[in-house]
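Engineer: Before we start, here is the structure in question, set down as C-alpha cells.
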Amino acid sequence: MPRSTFHEHYQFLKPTERLSFEEITRLANLFVQIGVKKLRLTGGEPLLRPNLTELIAELGAIHGVEDIALTTNGVLLEKYATELQASGLHRITVSLDSLDPEIFKLMSGEVQGLEQVLTGLTAAQQVGLKPIKINAVIKRGVNDHTILHLAEYFRNTEIIVRFIEYMDVGNRNQWQVQHVVPSKEILHLIHERWPVHNVSSNYLGEVAERYRYDDGAGEIGFISSVTQPFCGNCSRARLSSEGVFYTCLFATQGLDLKTPLRIGASDDELRAMICAAWENRVDRYSEQRSQLTTPDQHLHKIEMYYIGG
Ligand SMILES: C[S@@+](CC[C@H](N)C(=O)[O-])C[C@H]1O[C@@H](n2cnc3c(N)ncnc32)[C@H](O)[C@@H]1O
C-alpha cells in the first residue's frame with residue numbers, strides 16, 4: 001500500500017464495511033460445500049486483523065476443509081506463532097524478498113523489521129507450523145543480486161524458498177517486462193552453485209514448480225506466472241475483506257456477495273450466485289499479457305493489497 005496514497009489520514013474501510021468473522025465463515029462454508037478444500041488468509045496484512053486466530057478456528061471447524069494457510073509479511077509472527085498454531089492453522093507463507101536490510105525495506109514498503117521477520121520464522125518453526133514457505137519476488141536491478149544469499153540462508157532449514165516472477169498486479173507498481181527475472185535464469189544461477197533436480201507437483205494446479213537440492217539441503221520453488229502462465233490450471237477463488245468475490249488475481253471487477261448476504265439471501269441463493277460466476281469465468285489474463293511488452297494501463301485491475309497474492 002503506497003504511503004503516498006495511504007497516508008495517516010486515509011479513510012480505510014469502516015469495521016461494518018468489512019465482512020464479520022461470522023459472515024466470512026458463512027461464505028467459506030458455502031464455497032466448501034461446492035468443492036473448495038483449501039483456504040488461505042492473505043491481504044493486506046492478515047495479522048493486523050484483531051482476533052484473527054478466532055477466525056482460523058472457526059474456518060477449521062468447517063466440515064470438508066483440509067488445509068488452512070496464511071500469507072504474512074512476518075512482522076507480527078513472533079507475537080502470534082503459538083496462538084496461530086493452537087488455532088489450527090496448518091502452514092504459513094512469509095514474504096521476504098531479500099536479506100539485505102536496505103533492499104528488504106525498499107521492497108516491503110518501508111517495513112523496518114527484517115530482524116523481526118527472521119525471529120518470527122524461528123518462532124513459527126519452534127511451534128511446529130509446517131511447511132514454512134518464503135515468497136521472494138525477484139525484481140531485475142533491485143534484488144536479483146541477493147538471490148544466492150537468500151537461497152543459502154534457508155538451505156538445510158526445511159524452509160522452502162519460492163522465487164516469484166515480478167507481476168503486474170494492479171496498476172500502481174509501474175510494471176515493465178524488463179523488471180521480470182525469468183525463473184529459468186534464477187534456476188540456472190542456483191543450479192550452477194548447488195545442483196538441483198525437478199520434483200513432481202504435490203497436486204494438480206500447484207502454482208510453484210518444485211526443485212530439490214541434489215545434496216539433500218531441501219526444496220526450492222519457482223512461480224513463473226509471467227514466462228509460463230498457468231491460467232488453465234488455476235482453481236483459486238478470492239474473497240475480499242468487504243465481500244467481493246473475484247475469479248482472477250488480475251480481475252477488473254468482482255461479484256458483491258456482502259449485499260445479498262446482508263439483505264437476507266438464503267444459502268441456496270448465495271451458492272447459486274457463486275456457482276454462476278465461477279462457471280462463467282473466462283479469465284486468462286496472464287496468458288493474454290504474455291503477448292504484451294507493457295501493461296495495458298486502461299485495465300483497472302484490483303491492487304495486490306486488496307486482492308492478496
Ligand atoms: C500482497 S501480499 C499480502 C499478504 C501479506 N501482507 C504479505 O506481505 O505476505 C501476498 C504476496 O504477494 C506477493 N507479491 C506482491 N507484489 C507482487 C508482484 N508485483 N509480483 C508477484 N508477487 C507479488 C508478495 O510477495 C506476497 O508474498
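By order in the C-alpha cells, chains are A, B, ...; within a chain, residues start at 1; ligands start at 1, following the order shown.
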Taking only C-alpha atoms and all ligand atoms into account, which residues are within 6 Å of ligand 1, as a VMD selection string?
Structural biologist: chain A and resid 42 to 45 71 to 73 94 to 95 135 to 137 164 to 169 304 to 305 308 to 309
Engineer: Take the residues from that selection and write them out as a PDB file, in the first residue's frame, keeping N, CA, C and O atoms.
Structural biologist:
ATOM      1  N   THR A  42      -4.992 -14.000   3.397  1.00  0.00           N
ATOM      2  CA  THR A  42      -3.916 -13.134   2.912  1.00  0.00           C
ATOM      3  C   THR A  42      -4.387 -11.692   3.044  1.00  0.00           C
ATOM      4  O   THR A  42      -5.236 -11.381   3.882  1.00  0.00           O
ATOM      5  N   GLY A  43      -3.872 -10.785   2.243  1.00  0.00           N
ATOM      6  CA  GLY A  43      -4.310  -9.412   2.443  1.00  0.00           C
ATOM      7  C   GLY A  43      -3.670  -8.489   1.427  1.00  0.00           C
ATOM      8  O   GLY A  43      -3.270  -8.938   0.369  1.00  0.00           O
ATOM      9  N   GLY A  44      -3.475  -7.293   1.878  1.00  0.00           N
ATOM     10  CA  GLY A  44      -3.319  -6.669   3.195  1.00  0.00           C
ATOM     11  C   GLY A  44      -2.506  -7.562   4.123  1.00  0.00           C
ATOM     12  O   GLY A  44      -1.934  -8.548   3.705  1.00  0.00           O
ATOM     13  N   GLU A  45      -2.397  -7.143   5.345  1.00  0.00           N
ATOM     14  CA  GLU A  45      -1.630  -7.951   6.291  1.00  0.00           C
ATOM     15  C   GLU A  45      -2.605  -8.634   7.262  1.00  0.00           C
ATOM     16  O   GLU A  45      -3.182  -7.987   8.135  1.00  0.00           O
ATOM     17  N   THR A  71      -0.746 -16.134   4.479  1.00  0.00           N
ATOM     18  CA  THR A  71       0.390 -15.416   3.888  1.00  0.00           C
ATOM     19  C   THR A  71       0.566 -14.122   4.672  1.00  0.00           C
ATOM     20  O   THR A  71      -0.387 -13.358   4.835  1.00  0.00           O
ATOM     21  N   THR A  72       1.768 -13.904   5.165  1.00  0.00           N
ATOM     22  CA  THR A  72       2.014 -12.751   6.039  1.00  0.00           C
ATOM     23  C   THR A  72       3.352 -12.092   5.728  1.00  0.00           C
ATOM     24  O   THR A  72       4.255 -12.748   5.203  1.00  0.00           O
ATOM     25  N   ASN A  73       3.483 -10.823   6.117  1.00  0.00           N
ATOM     26  CA  ASN A  73       4.796 -10.194   5.970  1.00  0.00           C
ATOM     27  C   ASN A  73       5.715 -10.613   7.118  1.00  0.00           C
ATOM     28  O   ASN A  73       6.891 -10.279   7.115  1.00  0.00           O
ATOM     29  N   VAL A  94       5.683 -16.736   4.283  1.00  0.00           N
ATOM     30  CA  VAL A  94       6.168 -15.438   4.729  1.00  0.00           C
ATOM     31  C   VAL A  94       6.829 -14.738   3.540  1.00  0.00           C
ATOM     32  O   VAL A  94       7.635 -15.338   2.830  1.00  0.00           O
ATOM     33  N   SER A  95       6.479 -13.486   3.339  1.00  0.00           N
ATOM     34  CA  SER A  95       7.055 -12.728   2.220  1.00  0.00           C
ATOM     35  C   SER A  95       8.391 -12.143   2.642  1.00  0.00           C
ATOM     36  O   SER A  95       8.467 -11.425   3.637  1.00  0.00           O
ATOM     37  N   ASN A 135       8.050 -16.446   0.265  1.00  0.00           N
ATOM     38  CA  ASN A 135       7.788 -15.897  -1.063  1.00  0.00           C
ATOM     39  C   ASN A 135       8.789 -14.792  -1.326  1.00  0.00           C
ATOM     40  O   ASN A 135       8.818 -13.792  -0.596  1.00  0.00           O
ATOM     41  N   ALA A 136       9.618 -14.958  -2.343  1.00  0.00           N
ATOM     42  CA  ALA A 136      10.592 -13.914  -2.686  1.00  0.00           C
ATOM     43  C   ALA A 136      10.306 -13.443  -4.106  1.00  0.00           C
ATOM     44  O   ALA A 136      10.505 -14.189  -5.062  1.00  0.00           O
ATOM     45  N   VAL A 137       9.799 -12.216  -4.217  1.00  0.00           N
ATOM     46  CA  VAL A 137       9.558 -11.643  -5.546  1.00  0.00           C
ATOM     47  C   VAL A 137      10.882 -11.068  -6.029  1.00  0.00           C
ATOM     48  O   VAL A 137      11.519 -10.283  -5.323  1.00  0.00           O
ATOM     49  N   ILE A 164       9.506 -15.788  -7.070  1.00  0.00           N
ATOM     50  CA  ILE A 164       8.318 -15.381  -7.835  1.00  0.00           C
ATOM     51  C   ILE A 164       8.692 -14.341  -8.878  1.00  0.00           C
ATOM     52  O   ILE A 164       9.389 -13.358  -8.563  1.00  0.00           O
ATOM     53  N   GLU A 165       8.238 -14.574 -10.099  1.00  0.00           N
ATOM     54  CA  GLU A 165       8.449 -13.550 -11.134  1.00  0.00           C
ATOM     55  C   GLU A 165       7.599 -12.322 -10.804  1.00  0.00           C
ATOM     56  O   GLU A 165       6.413 -12.462 -10.445  1.00  0.00           O
ATOM     57  N   TYR A 166       8.211 -11.174 -10.938  1.00  0.00           N
ATOM     58  CA  TYR A 166       7.532  -9.910 -10.625  1.00  0.00           C
ATOM     59  C   TYR A 166       6.345  -9.694 -11.571  1.00  0.00           C
ATOM     60  O   TYR A 166       6.502  -9.703 -12.780  1.00  0.00           O
ATOM     61  N   MET A 167       5.166  -9.536 -10.982  1.00  0.00           N
ATOM     62  CA  MET A 167       3.943  -9.472 -11.801  1.00  0.00           C
ATOM     63  C   MET A 167       3.346  -8.070 -11.821  1.00  0.00           C
ATOM     64  O   MET A 167       3.563  -7.282 -10.917  1.00  0.00           O
ATOM     65  N   ASP A 168       2.514  -7.833 -12.820  1.00  0.00           N
ATOM     66  CA  ASP A 168       1.844  -6.537 -12.967  1.00  0.00           C
ATOM     67  C   ASP A 168       0.461  -6.569 -12.318  1.00  0.00           C
ATOM     68  O   ASP A 168      -0.534  -6.246 -12.960  1.00  0.00           O
ATOM     69  N   VAL A 169       0.437  -6.928 -11.050  1.00  0.00           N
ATOM     70  CA  VAL A 169      -0.845  -6.914 -10.350  1.00  0.00           C
ATOM     71  C   VAL A 169      -1.229  -5.467 -10.089  1.00  0.00           C
ATOM     72  O   VAL A 169      -0.372  -4.659  -9.721  1.00  0.00           O
ATOM     73  N   MET A 304      -2.886  -5.309  -5.483  1.00  0.00           N
ATOM     74  CA  MET A 304      -2.443  -6.506  -4.763  1.00  0.00           C
ATOM     75  C   MET A 304      -2.825  -6.485  -3.280  1.00  0.00           C
ATOM     76  O   MET A 304      -3.213  -7.497  -2.718  1.00  0.00           O
ATOM     77  N   TYR A 305      -2.713  -5.303  -2.642  1.00  0.00           N
ATOM     78  CA  TYR A 305      -3.015  -5.258  -1.203  1.00  0.00           C
ATOM     79  C   TYR A 305      -4.494  -5.532  -0.955  1.00  0.00           C
ATOM     80  O   TYR A 305      -4.903  -5.826   0.157  1.00  0.00           O
ATOM     81  N   GLY A 308      -4.871  -9.764  -2.410  1.00  0.00           N
ATOM     82  CA  GLY A 308      -3.962 -10.800  -1.872  1.00  0.00           C
ATOM     83  C   GLY A 308      -3.089 -11.362  -2.964  1.00  0.00           C
ATOM     84  O   GLY A 308      -3.318 -11.150  -4.143  1.00  0.00           O
ATOM     85  N   GLY A 309      -2.024 -12.060  -2.548  1.00  0.00           N
ATOM     86  CA  GLY A 309      -1.064 -12.567  -3.535  1.00  0.00           C
ATOM     87  C   GLY A 309      -1.443 -13.936  -4.049  1.00  0.00           C
ATOM     88  O   GLY A 309      -2.484 -14.457  -3.720  1.00  0.00           O
TER      89      GLY A 309
END
Engineer: As a PDB file with C-alpha atoms, in the first residue's frame, list the residues of stretch 175-293 of chain A assigned to strand (DSSP E) by DSSP on the backbone atoms of this structure.
Structural biologist:
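Result saved to part-v9.pdb:
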ATOM      1  CA  VAL A 196      19.097 -29.163  -8.105  1.00  0.00           C
ATOM      2  CA  HIS A 197      16.649 -31.584  -9.708  1.00  0.00           C
ATOM      3  CA  ASN A 198      12.996 -31.203 -10.580  1.00  0.00           C
ATOM      4  CA  VAL A 199      10.386 -32.968  -8.414  1.00  0.00           C
ATOM      5  CA  GLU A 209       7.420 -25.702  -9.894  1.00  0.00           C
ATOM      6  CA  ARG A 210       9.411 -27.670  -7.304  1.00  0.00           C
ATOM      7  CA  TYR A 211      13.128 -28.486  -7.165  1.00  0.00           C
ATOM      8  CA  ARG A 212      15.291 -30.219  -4.559  1.00  0.00           C
ATOM      9  CA  TYR A 213      18.991 -29.721  -3.941  1.00  0.00           C
ATOM     10  CA  GLU A 219      13.485 -27.704  -1.557  1.00  0.00           C
ATOM     11  CA  ILE A 220      13.007 -24.509  -3.553  1.00  0.00           C
ATOM     12  CA  GLY A 221      10.223 -23.462  -5.923  1.00  0.00           C
ATOM     13  CA  PHE A 222       9.540 -21.141  -8.833  1.00  0.00           C
ATOM     14  CA  ILE A 223       6.322 -19.290  -9.560  1.00  0.00           C
ATOM     15  CA  ARG A 238     -10.719 -14.918  -3.979  1.00  0.00           C
ATOM     16  CA  LEU A 239     -12.920 -13.141  -1.474  1.00  0.00           C
ATOM     17  CA  VAL A 244     -16.373  -9.192  -3.199  1.00  0.00           C
ATOM     18  CA  PHE A 245     -15.725 -12.484  -4.983  1.00  0.00           C
ATOM     19  CA  TYR A 246     -13.028 -12.475  -7.694  1.00  0.00           C
ATOM     20  CA  LEU A 255     -19.235 -10.117  -7.616  1.00  0.00           C
ATOM     21  CA  ASP A 256     -20.564  -8.399  -4.498  1.00  0.00           C
TER      22      ASP A 256
END
Engineer: So that I can check the surroundings of A:Pro260, please list as a PyMOL selection string every protein, DNA and RNA residue that reaches within 10 Å of it, counting only C-alpha atoms and ignoring chain neighbours fewer than 5 positions away.
Structural biologist: chain A and resi 265-266+269-270+273
Engineer: Would you mind exporting N, CA, C and O atoms of the selected residues as a PDB file, in the first residue's frame?
Structural biologist:
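again-v2.pdb written:
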ATOM      1  N   ALA A 265     -30.253 -13.060   1.764  1.00  0.00           N
ATOM      2  CA  ALA A 265     -30.238 -14.156   0.778  1.00  0.00           C
ATOM      3  C   ALA A 265     -30.036 -15.489   1.501  1.00  0.00           C
ATOM      4  O   ALA A 265     -29.321 -15.562   2.507  1.00  0.00           O
ATOM      5  N   SER A 266     -30.669 -16.503   0.982  1.00  0.00           N
ATOM      6  CA  SER A 266     -30.532 -17.832   1.589  1.00  0.00           C
ATOM      7  C   SER A 266     -29.211 -18.454   1.137  1.00  0.00           C
ATOM      8  O   SER A 266     -28.590 -17.997   0.163  1.00  0.00           O
ATOM      9  N   GLU A 269     -29.427 -19.396  -2.470  1.00  0.00           N
ATOM     10  CA  GLU A 269     -29.290 -18.260  -3.410  1.00  0.00           C
ATOM     11  C   GLU A 269     -27.829 -17.840  -3.537  1.00  0.00           C
ATOM     12  O   GLU A 269     -27.330 -17.599  -4.640  1.00  0.00           O
ATOM     13  N   LEU A 270     -27.134 -17.777  -2.405  1.00  0.00           N
ATOM     14  CA  LEU A 270     -25.718 -17.368  -2.458  1.00  0.00           C
ATOM     15  C   LEU A 270     -24.882 -18.402  -3.211  1.00  0.00           C
ATOM     16  O   LEU A 270     -24.048 -18.044  -4.039  1.00  0.00           O
ATOM     17  N   MET A 273     -25.313 -17.969  -6.875  1.00  0.00           N
ATOM     18  CA  MET A 273     -24.583 -16.809  -7.402  1.00  0.00           C
ATOM     19  C   MET A 273     -23.101 -17.149  -7.572  1.00  0.00           C
ATOM     20  O   MET A 273     -22.466 -16.805  -8.581  1.00  0.00           O
TER      21      MET A 273
END
Engineer: Leaving out A:Thr119 and any residue of its chain fewer than 4 positions from it, which residues lie within 7 Å of it when counting only C-alpha atoms, given as a ChimeraX atom specification?
Structural biologist: /A:78,115,123
Engineer: Write down as a PyMOL selection string the residues belonging to stretch 166-286 of chain A that are assigned alpha helix (DSSP H) by DSSP computed on the backbone.
Structural biologist: chain A and resi 183-193+258-262+267-279+285-286
Engineer: Report as a ChimeraX atom specification all protein, DNA and RNA residues lying within 12 Å of A:Glu102, evaluated on only C-alpha atoms, omitting residues in the same chain fewer than 4 positions from it.
Structural biologist: /A:97-98,106-114,142-143,146
Engineer: Between atom CA of A:His63 and atom CA of A:Ala272, what is the distance in Å, rounded to a tenth?
Structural biologist: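 Spanning atom CA of A:His63 to atom CA of A:Ala272 is a straight-line distance of 19.9 Å.
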Engineer: Find the residue from A:Ala208, A:Leu13, A:Ala217, A:Ile159 that sits nearest to A:Ile134; use only C-alpha atoms when measuring.
Structural biologist: A:Ile159
Engineer: List as a list in words the protein and nucleic acid residues near A:Gly64, meaning an atom at most 9 Å away when only C-alpha atoms are counted, but skip any in the same chain fewer than 3 places from it.
Structural biologist: Asn29, Val32, Gln33, Gly35, Val36, Lys37 and Ala61 of chain A
Engineer: I need the chosen residues saved as a tab-separated table (two decimals), in the first residue's frame, with N, CA and C atoms.
Structural biologist:
chain	number	residue	atom	x	y	z
A	29	ASN	N	-18.07	-21.53	4.24
A	29	ASN	CA	-18.85	-22.77	4.31
A	29	ASN	C	-19.51	-23.08	2.97
A	32	VAL	N	-16.96	-24.19	0.46
A	32	VAL	CA	-16.53	-25.57	0.74
A	32	VAL	C	-17.59	-26.56	0.28
A	33	GLN	N	-18.85	-26.20	0.47
A	33	GLN	CA	-19.93	-27.10	0.03
A	33	GLN	C	-19.89	-27.35	-1.49
A	35	GLY	N	-17.03	-27.38	-3.29
A	35	GLY	CA	-15.80	-28.00	-3.75
A	35	GLY	C	-14.48	-27.47	-3.22
A	36	VAL	N	-14.50	-26.29	-2.58
A	36	VAL	CA	-13.22	-25.76	-2.07
A	36	VAL	C	-12.73	-26.62	-0.90
A	37	LYS	N	-11.43	-26.92	-0.91
A	37	LYS	CA	-10.85	-27.73	0.18
A	37	LYS	C	-9.76	-26.97	0.94
A	61	ALA	N	-13.19	-25.46	11.66
A	61	ALA	CA	-14.29	-26.32	12.10
A	61	ALA	C	-15.26	-26.64	10.96
